[in-house]
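Peer 1: Structure file entry_5.txt (compact mmCIF, C-alpha atoms) is given on the next line.
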# COMPACT_ATOMS: atom_id res chain seq x y z
CA MET A 1 95.71 112.81 117.54
CA ASP A 2 92.60 114.12 119.20
CA PHE A 3 92.62 112.83 122.76
CA GLU A 4 89.38 114.58 123.66
CA PHE A 5 87.68 112.73 120.86
CA ILE A 6 89.09 109.41 122.09
CA ILE A 7 87.77 110.06 125.60
CA GLU A 8 84.41 111.07 124.18
CA GLU A 9 84.04 108.01 121.94
CA PHE A 10 85.66 105.53 124.29
CA PRO A 11 82.49 104.60 126.26
CA GLY A 12 80.69 103.73 123.01
CA ILE A 13 83.47 101.39 121.92
CA TRP A 14 83.90 100.08 125.48
CA GLU A 15 80.40 98.58 125.24
CA GLY A 16 81.77 96.12 122.71
CA VAL A 17 84.42 94.77 125.07
CA PRO A 18 82.10 92.27 126.84
CA VAL A 19 80.98 91.06 123.41
CA THR A 20 84.57 90.56 122.26
CA ILE A 21 85.45 88.79 125.51
CA GLY A 22 82.27 86.69 125.28
CA LEU A 23 83.03 85.62 121.73
CA PHE A 24 86.55 84.74 122.79
CA ALA A 25 85.69 82.88 126.01
CA TRP A 26 82.83 80.79 124.63
CA SER A 27 84.70 79.95 121.45
CA LEU A 28 87.77 78.97 123.45
CA LEU A 29 85.66 76.71 125.69
CA TYR A 30 83.80 74.97 122.88
CA GLY A 31 86.88 74.99 120.67
CA THR A 32 88.88 73.24 123.38
CA LEU A 33 86.17 70.61 123.86
CA GLY A 34 85.95 70.13 120.09
CA GLY A 35 89.73 69.93 119.91
CA LEU A 36 89.78 67.29 122.64
CA VAL A 37 87.26 65.22 120.68
CA LEU A 38 89.29 65.61 117.48
CA ALA A 39 92.51 64.64 119.30
CA LEU A 40 90.99 61.54 120.92
CA MET A 41 89.46 60.51 117.59
CA ARG A 42 92.85 60.93 115.96
CA LEU A 43 94.47 58.68 118.59
CA SER A 44 91.68 56.11 118.46
CA ARG A 45 92.29 52.49 117.46
CA PHE A 46 89.34 52.72 115.09
CA GLN A 47 90.54 53.65 111.58
CA PRO A 48 87.40 55.51 110.31
CA LEU A 49 87.50 57.82 113.35
CA ARG A 50 91.17 58.58 112.70
CA ALA A 51 90.45 59.32 109.05
CA LEU A 52 87.45 61.51 109.90
CA SER A 53 89.49 63.56 112.37
CA ALA A 54 92.34 63.95 109.89
CA GLY A 55 89.87 65.03 107.19
CA ILE A 56 88.18 67.62 109.39
CA THR A 57 91.58 68.98 110.40
CA TRP A 58 92.73 69.22 106.78
CA VAL A 59 89.59 71.08 105.69
CA GLY A 60 89.50 73.33 108.77
CA ARG A 61 93.07 74.44 108.30
CA GLY A 62 92.69 74.90 104.56
CA ILE A 63 89.89 77.45 104.49
CA PRO A 64 89.84 80.97 105.92
CA PRO A 65 88.01 81.49 109.23
CA LEU A 66 85.82 84.06 107.51
CA ILE A 67 84.52 81.39 105.11
CA ILE A 68 83.79 79.15 108.13
CA LEU A 69 81.79 82.01 109.65
CA PHE A 70 79.91 82.53 106.39
CA ILE A 71 79.16 78.80 106.31
CA THR A 72 77.70 78.88 109.83
CA PHE A 73 75.74 82.05 109.00
CA PHE A 74 74.45 81.26 105.50
CA VAL A 75 74.77 77.50 104.94
CA PHE A 76 73.78 76.03 108.31
CA PRO A 77 70.32 77.72 108.31
CA GLU A 78 69.70 76.08 104.92
CA LEU A 79 70.47 72.75 106.55
CA GLY A 80 67.99 73.48 109.31
CA LEU A 81 70.33 74.81 112.00
CA THR A 82 69.18 78.30 112.90
CA LEU A 83 70.59 79.99 116.00
CA GLU A 84 70.72 83.55 117.24
CA ARG A 85 73.47 85.66 115.70
CA PHE A 86 75.87 85.57 118.65
CA PRO A 87 75.78 81.77 119.14
CA THR A 88 76.20 81.36 115.38
CA ALA A 89 79.39 83.43 115.49
CA VAL A 90 80.59 81.42 118.51
CA LEU A 91 79.88 78.22 116.61
CA GLY A 92 81.94 79.35 113.62
CA LEU A 93 84.88 80.53 115.70
CA SER A 94 84.71 77.34 117.84
CA LEU A 95 84.81 75.06 114.80
CA TRP A 96 87.77 76.98 113.47
CA THR A 97 89.80 77.01 116.69
CA ALA A 98 88.93 73.37 117.54
CA VAL A 99 90.95 72.24 114.55
CA TYR A 100 94.07 74.01 115.80
CA GLN A 101 93.59 73.14 119.49
CA GLY A 102 93.02 69.50 118.45
CA GLU A 103 96.53 69.39 117.02
CA VAL A 104 97.93 70.98 120.18
CA ILE A 105 96.19 68.49 122.47
CA ARG A 106 97.22 65.55 120.29
CA SER A 107 100.87 66.59 120.24
CA GLY A 108 100.73 67.12 124.01
CA ILE A 109 99.50 63.57 124.57
CA ILE A 110 101.91 61.89 122.17
CA GLY A 111 104.71 64.15 123.38
CA VAL A 112 104.87 62.39 126.73
CA ASP A 113 107.83 60.03 126.77
CA GLN A 114 106.91 56.47 125.80
CA GLY A 115 108.74 55.15 128.86
CA GLN A 116 106.22 56.95 131.10
CA TRP A 117 103.36 54.98 129.59
CA GLU A 118 105.26 51.75 130.03
CA ALA A 119 106.31 52.56 133.59
CA ALA A 120 102.75 53.47 134.58
CA GLU A 121 101.53 50.23 133.07
CA ALA A 122 104.26 48.25 134.84
CA LEU A 123 103.18 49.80 138.15
CA GLY A 124 99.75 48.30 137.52
CA MET A 125 97.92 51.60 137.20
CA SER A 126 94.52 51.51 135.57
CA GLY A 127 94.16 53.25 132.20
CA ARG A 128 92.19 56.17 133.57
CA HIS A 129 94.45 56.52 136.58
CA TYR A 130 97.65 56.80 134.59
CA MET A 131 96.09 59.13 132.05
CA ARG A 132 95.04 61.44 134.89
CA ARG A 133 98.05 61.17 137.22
CA ILE A 134 100.96 60.52 134.87
CA ILE A 135 100.24 61.48 131.28
CA LEU A 136 98.01 64.56 131.44
CA PRO A 137 100.10 66.53 133.99
CA GLN A 138 103.11 66.06 131.74
CA GLY A 139 101.10 66.66 128.58
CA PHE A 140 99.74 69.95 129.95
CA ARG A 141 103.24 71.29 130.27
CA ILE A 142 103.86 70.62 126.58
CA MET A 143 100.48 72.00 125.54
CA ILE A 144 100.56 75.32 127.41
CA PRO A 145 102.64 77.48 125.02
CA PRO A 146 100.94 76.42 121.74
CA TYR A 147 97.52 76.39 123.42
CA PHE A 148 97.93 80.00 124.49
CA GLY A 149 99.38 80.87 121.09
CA ASN A 150 96.14 79.63 119.52
CA ALA A 151 94.07 81.40 122.16
CA MET A 152 95.74 84.71 121.28
CA THR A 153 95.06 84.08 117.60
CA LEU A 154 91.43 83.36 118.50
CA LEU A 155 91.19 86.61 120.45
CA LYS A 156 92.35 88.50 117.37
CA GLN A 157 90.06 86.52 115.07
CA THR A 158 86.98 87.54 117.05
CA SER A 159 87.35 90.78 115.06
CA ILE A 160 86.08 89.05 111.91
CA ALA A 161 82.68 88.68 113.61
CA SER A 162 82.31 92.37 112.76
CA ILE A 163 81.92 91.34 109.11
CA VAL A 164 78.77 89.39 110.05
CA THR A 165 77.66 92.43 112.10
CA ILE A 166 78.25 91.21 115.64
CA THR A 167 78.67 94.43 117.63
CA GLU A 168 82.08 93.74 119.09
CA ILE A 169 84.76 96.42 119.33
CA THR A 170 85.93 96.29 115.71
CA LEU A 171 82.42 96.90 114.38
CA LEU A 172 81.84 99.72 116.88
CA ALA A 173 85.09 101.36 115.79
CA GLN A 174 84.07 100.96 112.17
CA ARG A 175 80.78 102.72 112.93
CA VAL A 176 82.62 105.65 114.48
CA ILE A 177 84.77 105.78 111.31
CA SER A 178 81.77 105.95 109.02
CA PHE A 179 79.63 108.33 111.10
CA LYS A 180 82.26 110.72 112.43
CA PHE A 181 84.74 110.68 109.54
CA VAL A 182 87.73 110.09 111.77
CA SER A 183 89.69 106.89 111.52
CA LEU A 184 92.96 107.02 113.46
CA GLU A 185 91.41 107.58 116.90
CA PRO A 186 88.82 104.78 116.96
CA LEU A 187 91.30 102.32 115.44
CA LEU A 188 93.95 103.19 118.02
CA THR A 189 91.34 102.81 120.75
CA ILE A 190 90.56 99.23 119.76
CA ALA A 191 94.24 98.55 119.11
CA PHE A 192 94.84 99.50 122.72
CA ILE A 193 92.03 97.19 123.90
CA TYR A 194 93.42 94.26 121.89
CA LEU A 195 96.88 94.93 123.31
CA VAL A 196 95.56 94.90 126.88
CA LEU A 197 93.54 91.70 126.37
CA ASN A 198 96.51 90.07 124.67
CA THR A 199 98.80 91.04 127.54
CA ILE A 200 96.36 89.55 130.06
CA LEU A 201 96.54 86.28 128.13
CA GLN A 202 100.32 86.41 128.20
CA PHE A 203 100.26 86.77 131.98
CA ALA A 204 97.79 83.88 132.23
CA GLN A 205 100.21 81.80 130.19
CA MET A 206 103.10 82.66 132.49
CA GLY A 207 100.94 81.70 135.48
CA PHE A 208 100.06 78.32 133.98
CA GLU A 209 103.65 77.67 133.02
CA ARG A 210 104.72 78.31 136.61
CA THR A 211 102.00 76.02 137.98
CA PHE A 212 102.98 73.12 135.75
CA ARG A 213 106.71 73.74 136.01
CA LEU A 214 108.93 70.72 136.40
CA ARG A 215 110.06 70.46 140.03
CA VAL A 216 113.06 68.21 140.40
CA MET B 1 73.17 70.09 95.24
CA ASP B 2 72.53 72.22 92.18
CA TRP B 3 75.43 71.25 89.91
CA GLY B 4 74.20 73.46 87.09
CA LEU B 5 74.48 76.49 89.34
CA ILE B 6 77.98 75.47 90.38
CA ALA B 7 78.96 75.24 86.71
CA ASP B 8 77.52 78.74 86.16
CA ILE B 9 79.21 80.45 89.08
CA PHE B 10 82.55 78.65 88.86
CA PRO B 11 84.01 80.95 86.14
CA LEU B 12 82.92 84.00 88.15
CA LEU B 13 84.53 82.66 91.31
CA MET B 14 87.73 81.87 89.40
CA GLU B 15 87.84 85.46 88.20
CA ALA B 16 87.53 86.68 91.78
CA THR B 17 90.24 84.18 92.71
CA GLN B 18 92.62 86.17 90.52
CA LEU B 19 92.13 89.15 92.81
CA THR B 20 92.70 86.83 95.80
CA LEU B 21 95.95 85.67 94.18
CA GLN B 22 97.04 89.27 93.58
CA LEU B 23 96.43 90.07 97.24
CA PHE B 24 98.26 86.90 98.22
CA ALA B 25 101.28 87.52 95.99
CA GLY B 26 101.48 91.16 97.06
CA GLY B 27 101.09 90.27 100.73
CA LEU B 28 103.78 87.63 100.42
CA VAL B 29 106.31 89.99 98.80
CA VAL B 30 105.63 92.88 101.19
CA SER B 31 105.63 90.67 104.29
CA THR B 32 108.91 89.02 103.27
CA LEU B 33 110.59 92.38 102.69
CA VAL B 34 109.21 93.79 105.95
CA GLY B 35 110.20 90.61 107.79
CA LEU B 36 113.75 90.71 106.45
CA LEU B 37 114.12 94.40 107.27
CA ILE B 38 112.76 94.05 110.81
CA ALA B 39 114.82 90.89 111.45
CA LEU B 40 118.01 92.69 110.40
CA MET B 41 117.08 95.72 112.52
CA ARG B 42 116.53 93.40 115.47
CA GLN B 43 120.11 92.13 115.03
CA SER B 44 121.57 95.57 114.53
CA ARG B 45 124.35 96.99 116.69
CA PHE B 46 122.41 100.26 116.87
CA ARG B 47 120.10 100.19 119.89
CA PRO B 48 117.21 102.44 118.65
CA LEU B 49 116.87 100.18 115.61
CA ARG B 50 116.68 97.10 117.85
CA TRP B 51 114.01 98.76 119.97
CA PHE B 52 112.00 99.87 116.98
CA ALA B 53 112.05 96.30 115.63
CA ALA B 54 111.02 94.86 119.01
CA VAL B 55 108.11 97.31 119.35
CA TYR B 56 107.04 96.66 115.76
CA ILE B 57 106.93 92.90 116.34
CA TRP B 58 105.12 93.30 119.68
CA PHE B 59 102.48 95.63 118.28
CA PHE B 60 101.68 93.88 115.03
CA ARG B 61 101.59 90.41 116.58
CA ALA B 62 98.98 91.58 119.08
CA MET B 63 96.79 93.25 116.41
CA PRO B 64 94.03 91.46 114.50
CA THR B 65 94.82 91.41 110.79
CA LEU B 66 91.44 93.03 110.14
CA VAL B 67 92.39 96.01 112.32
CA ILE B 68 95.74 96.31 110.51
CA ILE B 69 93.94 96.32 107.16
CA PHE B 70 91.59 99.02 108.48
CA LEU B 71 94.59 101.07 109.63
CA ALA B 72 96.15 100.72 106.18
CA PHE B 73 92.90 101.58 104.38
CA PHE B 74 91.26 104.22 106.58
CA VAL B 75 94.36 105.90 107.98
CA VAL B 76 97.39 105.32 105.74
CA ALA B 77 95.65 105.32 102.36
CA ARG B 78 93.04 107.95 103.20
CA ASP B 79 95.07 110.49 105.14
CA TRP B 80 98.75 109.92 104.46
CA LEU B 81 99.59 108.08 101.25
CA THR B 82 96.50 109.08 99.31
CA PHE B 83 97.78 107.62 96.04
CA LEU B 84 97.27 104.06 97.36
CA SER B 85 94.41 102.12 95.80
CA PRO B 86 92.24 99.89 98.03
CA LEU B 87 94.06 96.85 96.61
CA GLN B 88 97.44 98.37 97.50
CA ALA B 89 96.19 99.35 100.95
CA ALA B 90 95.01 95.79 101.58
CA ILE B 91 98.38 94.43 100.43
CA LEU B 92 100.16 96.90 102.71
CA GLY B 93 98.02 95.80 105.66
CA LEU B 94 98.51 92.11 104.98
CA GLY B 95 102.25 92.61 104.52
CA ALA B 96 102.74 94.77 107.61
CA GLY B 97 100.95 92.22 109.82
CA ALA B 98 102.48 89.03 108.43
CA GLY B 99 105.87 90.79 108.29
CA ALA B 100 106.03 90.82 112.10
CA TYR B 101 105.71 87.03 112.15
CA LYS B 102 108.15 86.60 109.28
CA ALA B 103 110.70 88.77 111.12
CA GLU B 104 110.63 86.33 114.04
CA ILE B 105 110.90 83.36 111.69
CA ILE B 106 113.87 84.87 109.87
CA ARG B 107 115.55 85.89 113.10
CA SER B 108 115.23 82.47 114.68
CA GLY B 109 116.57 80.96 111.45
CA ILE B 110 119.64 83.19 111.62
CA LEU B 111 120.13 82.49 115.33
CA SER B 112 119.88 78.73 114.74
CA VAL B 113 123.10 78.71 112.73
CA ASP B 114 125.90 77.33 114.87
CA PRO B 115 128.07 80.14 116.34
CA GLY B 116 131.12 78.20 115.14
CA GLN B 117 130.04 78.99 111.59
CA TRP B 118 130.17 82.72 112.32
CA GLU B 119 133.55 82.41 113.94
CA ALA B 120 134.95 80.23 111.18
CA SER B 121 133.81 82.60 108.42
CA GLU B 122 135.24 85.52 110.35
CA ALA B 123 138.52 83.67 110.77
CA LEU B 124 138.56 83.13 107.00
CA GLY B 125 138.46 86.93 106.60
CA MET B 126 134.99 87.14 104.99
CA THR B 127 133.24 90.50 105.00
CA PRO B 128 129.95 90.61 107.03
CA ALA B 129 127.83 90.85 103.85
CA HIS B 130 129.67 88.00 102.20
CA ARG B 131 129.44 85.89 105.35
CA MET B 132 125.70 86.48 105.65
CA ARG B 133 125.06 85.61 102.01
CA ARG B 134 127.34 82.61 101.56
CA ILE B 135 127.50 80.98 104.99
CA ILE B 136 124.67 82.01 107.32
CA LEU B 137 121.60 82.44 105.09
CA PRO B 138 121.93 79.16 103.16
CA GLN B 139 121.93 77.28 106.45
CA ALA B 140 119.26 79.47 108.05
CA VAL B 141 116.86 79.01 105.12
CA ARG B 142 116.54 75.31 105.86
CA VAL B 143 115.30 76.07 109.38
CA MET B 144 112.99 78.82 108.16
CA ILE B 145 111.08 76.91 105.49
CA PRO B 146 108.46 75.06 107.57
CA PRO B 147 107.34 78.08 109.66
CA TYR B 148 107.65 80.40 106.66
CA LEU B 149 105.27 78.31 104.59
CA SER B 150 102.82 77.86 107.48
CA ASN B 151 102.75 81.64 107.70
CA THR B 152 102.19 81.75 103.94
CA VAL B 153 99.00 79.68 104.32
CA LEU B 154 97.83 82.24 106.89
CA VAL B 155 98.52 85.09 104.45
CA LEU B 156 96.41 83.31 101.84
CA GLN B 157 93.56 82.96 104.31
CA ALA B 158 93.91 86.55 105.51
CA THR B 159 93.30 87.82 101.96
CA SER B 160 89.63 87.02 102.65
CA LEU B 161 89.56 89.99 105.05
CA ALA B 162 90.01 92.40 102.12
CA THR B 163 86.31 91.89 101.60
CA ALA B 164 85.78 94.16 104.64
CA ILE B 165 87.19 97.16 102.75
CA GLY B 166 85.07 96.49 99.71
CA LEU B 167 87.37 94.41 97.52
CA VAL B 168 85.34 91.74 95.78
CA GLU B 169 87.77 88.85 95.97
CA LEU B 170 86.80 85.20 96.35
CA THR B 171 85.17 85.58 99.78
CA GLY B 172 83.43 88.86 98.94
CA LEU B 173 82.04 87.50 95.69
CA SER B 174 80.83 84.28 97.31
CA ARG B 175 78.92 86.32 99.83
CA GLN B 176 77.32 88.42 97.08
CA LEU B 177 76.48 85.34 95.02
CA SER B 178 75.03 83.62 98.11
CA ASN B 179 72.65 86.52 98.52
CA SER B 180 71.71 86.91 94.87
CA THR B 181 71.25 83.21 93.99
CA PHE B 182 69.70 82.18 97.34
CA LYS B 183 71.92 79.09 97.12
CA PRO B 184 74.53 79.61 99.84
CA ILE B 185 75.33 75.90 100.10
CA GLU B 186 76.58 75.59 96.52
CA VAL B 187 78.37 78.95 96.50
CA MET B 188 80.13 78.66 99.88
CA LEU B 189 81.18 75.06 99.35
CA THR B 190 82.65 75.90 95.93
CA ALA B 191 84.58 78.80 97.47
CA ALA B 192 85.74 76.55 100.32
CA VAL B 193 87.01 73.98 97.81
CA ILE B 194 88.94 76.66 95.88
CA TYR B 195 90.62 77.83 99.10
CA LEU B 196 91.32 74.24 100.11
CA VAL B 197 93.04 73.53 96.79
CA MET B 198 95.23 76.64 97.13
CA SER B 199 96.16 75.93 100.77
CA SER B 200 96.91 72.30 99.99
CA ALA B 201 99.18 73.37 97.13
CA ILE B 202 101.23 75.42 99.60
CA VAL B 203 101.39 72.50 102.05
CA LEU B 204 102.57 70.18 99.23
CA ALA B 205 105.24 72.74 98.28
CA GLN B 206 106.31 72.77 101.91
CA MET B 207 106.66 68.98 102.02
CA TYR B 208 108.59 68.98 98.74
CA LEU B 209 110.98 71.72 99.86
CA GLU B 210 111.57 70.09 103.22
CA ARG B 211 112.61 66.91 101.47
CA ARG B 212 114.82 68.76 99.00
CA LEU B 213 116.61 70.82 101.62
CA VAL B 214 117.40 68.02 104.04
CA LEU B 215 121.08 68.17 104.86
CA LYS B 216 122.92 65.52 102.90
CA VAL B 217 125.93 64.44 104.90
Can you turn what I pasted into structure tokens?

Peer 2:
Amino acid sequence: MDFEFIIEEFPGIWEGVPVTIGLFAWSLLYGTLGGLVLALMRLSRFQPLRALSAGITWVGRGIPPLIILFITFFVFPELGLTLERFPTAVLGLSLWTAVYQGEVIRSGIIGVDQGQWEAAEALGMSGRHYMRRIILPQGFRIMIPPYFGNAMTLLKQTSIASIVTITEITLLAQRVISFKFVSLEPLLTIAFIYLVLNTILQFAQMGFERTFRLRV
Amino acid sequence: MDWGLIADIFPLLMEATQLTLQLFAGGLVVSTLVGLLIALMRQSRFRPLRWFAAVYIWFFRAMPTLVIIFLAFFVVARDWLTFLSPLQAAILGLGAGAGAYKAEIIRSGILSVDPGQWEASEALGMTPAHRMRRIILPQAVRVMIPPYLSNTVLVLQATSLATAIGLVELTGLSRQLSNSTFKPIEVMLTAAVIYLVMSSAIVLAQMYLERRLVLKV
């Protein structure tokens, strides 16, 4: 272990941290919105929407995220959708995570006890009112752990953007490996960064769980 | 859609799929062995072993699979175990990462068995090994199957990352063919369908096993 080397190379790799965080944050945002759409489609009364959502979910879970990235990078331009490299990577990661977050959101909504729906209806609440005041606050509590589980997986999967040459931390570490002929130090440096980011997410999860805790 | 091209590249992609399946099978075996070992260490009476297992699970669950594969390829195979081929290094990386998840799956399966079962088998004078094999594991396996097979789908998908260390498996070849034929739509969609078929086969196996292993009372 060459600590001097780590300190020397750290600033270079550090530059990739905002890129990694950017990939993660944008993909989580769009992935959550996409997941919400997929979940609402799946719960719709309209059969074709339900089937479409189920089909997208089946395909999205059945193919590797790297193939989804390759599709957004190589296939979408053929179909006329050309974006900058970074948004293209965000698009791919968002599509991938939306499929998983969709299932989380759906199970959160249907996980709320049936009696709650009936009671809210019996109290004469409007549809939007009981969704917002009764169902969602309870649904959130169910969604938090799996939602953060998926978010942590997404954080780790941002590393595959290095394969399509987005200069996030994994690619920067790989460059150090190929130019300086050392491998342990740069890999441990990014391992440390992933551990820190992951731990921050774990604390965020604990915070959310406390906020939505059941108070009886 | 150029169906003629798909017919031409399909045999090539199937050949690359064999390498994907080798990675998958290897990753599955290694991750199961690692998972079992770490799960047993986590249950051990010997504290350093428990700590080692806890740190192992914590570290590898926080690491991207790609980084683990790089560690296996650039560090373990290049500096330490130099006899490892790139394929073996990729399998090691896949197995070490997925093993951390499998350890948790196996452990929660073992913990889910009713404590009364442990006590009863102890009262019957069974040895610990005998008790584990005849009483605890058969009941634990039923709980483990759904998460174990979900993890298996993830191992299959993670094999695509071996392309980053130069193995030309299904994903790597589809990228090369996309570039050389200038027909990414046909190539990528064919590759996606091949992955979809393999993942769906695992999901069907999961459904079948869940039905078979339902407790008949």

Peer 1: Return the neighbours of chain B among the residues of chain A, cut-off 10 Å, counting all atoms listed in the file, as a PyMOL selection string.

Peer 2: chain A and resi 58-68+70-71+73-79+152-160+162-163+170+173-174+177-178+181-185+187-188+190-199

Peer 1: One decimal, Å: what's the distance from atom CA of Leu87 of chain B over to atom CA of Leu12 of chain B, could you say?

Peer 2: 19.0 Å

Peer 1: Report, in Å to a single decimal, how far apart atom CA of Pro138 of chain B and atom CA of Ser112 of chain B are.

Peer 2: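 Between atom CA of Ser112 of chain B and atom CA of Pro138 of chain B the gap works out to 11.8 Å.
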
Peer 1: Need the shell around Gln139 of chain B: protein/DNA/RNA residues with any atom at most 9 Å away, counting only C-alpha atoms. Skip same-chain ones fewer than 4 positions apart. Format as a ChimeraX atom specification?

Peer 2: /B:109-110,112-113,135,143

Peer 1: State, in Å with one decimal place, the distance from atom CA of Phe140 of chain A to atom CA of Gly108 of chain A.

Peer 2: 6.7 Å

Peer 1: Using all atoms listed in the file, find the one residue out of A:Gly80, A:Val90, A:Pro18, A:Ala54 that sits nearest to Tyr30 of chain A.

Peer 2: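 Selected residue with least distance to Tyr30 of chain A: A:Val90.
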
Peer 1: Between A:Ile134, A:Val164, A:Ala39, A:Leu201, which one has atoms that come closest to Ala89 of chain A, using all atoms listed in the file?

Peer 2: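 Closest to Ala89 of chain A, using all atoms listed in the file: A:Val164.
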
Peer 1: Residues proximal to (88.5, 67.4, 123.6) were defined as those with any atom within 12 Å of that point in the file's coordinates, counting only C-alpha atoms. Which are they, as JSON, numbers by chain?

Peer 2: {"A": [28, 29, 30, 31, 32, 33, 34, 35, 36, 37, 38, 39, 40, 41, 42, 43, 53, 97, 98, 99, 100, 101, 102, 103, 104, 105, 106, 109]}

Peer 1: Within 10 Å of Arg210 of chain A, counting all atoms listed in the file, which residues show up once you throw out same-chain ones fewer than 5 positions away? Write them as number ranges by chain, please.

Peer 2: A: 141, 204-205

Peer 1: Which residues are near Gly99 of chain B? Cut-off 8 Å, all atoms listed in the file, ignore same chain within fewer than 3 positions. Put them as a tab-separated table (two decimals) with C-alpha atoms, in the coordinates of the input.

Peer 2:
chain	number	residue	atom	x	y	z
B	30	VAL	CA	105.63	92.88	101.19
B	31	SER	CA	105.63	90.67	104.29
B	32	THR	CA	108.91	89.02	103.27
B	33	LEU	CA	110.59	92.38	102.69
B	34	VAL	CA	109.21	93.79	105.95
B	35	GLY	CA	110.20	90.61	107.79
B	95	GLY	CA	102.25	92.61	104.52
B	96	ALA	CA	102.74	94.77	107.61
B	102	LYS	CA	108.15	86.60	109.28
B	103	ALA	CA	110.70	88.77	111.12

Peer 1: So, with all atoms listed in the file as the atoms that count, which of B:Ile136, B:Leu204, B:Val141, B:Leu23 lies closest to Leu94 of chain B?

Peer 2: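 When distances to Leu94 of chain B are compared using all atoms listed in the file, the smallest one comes from B:Leu23.
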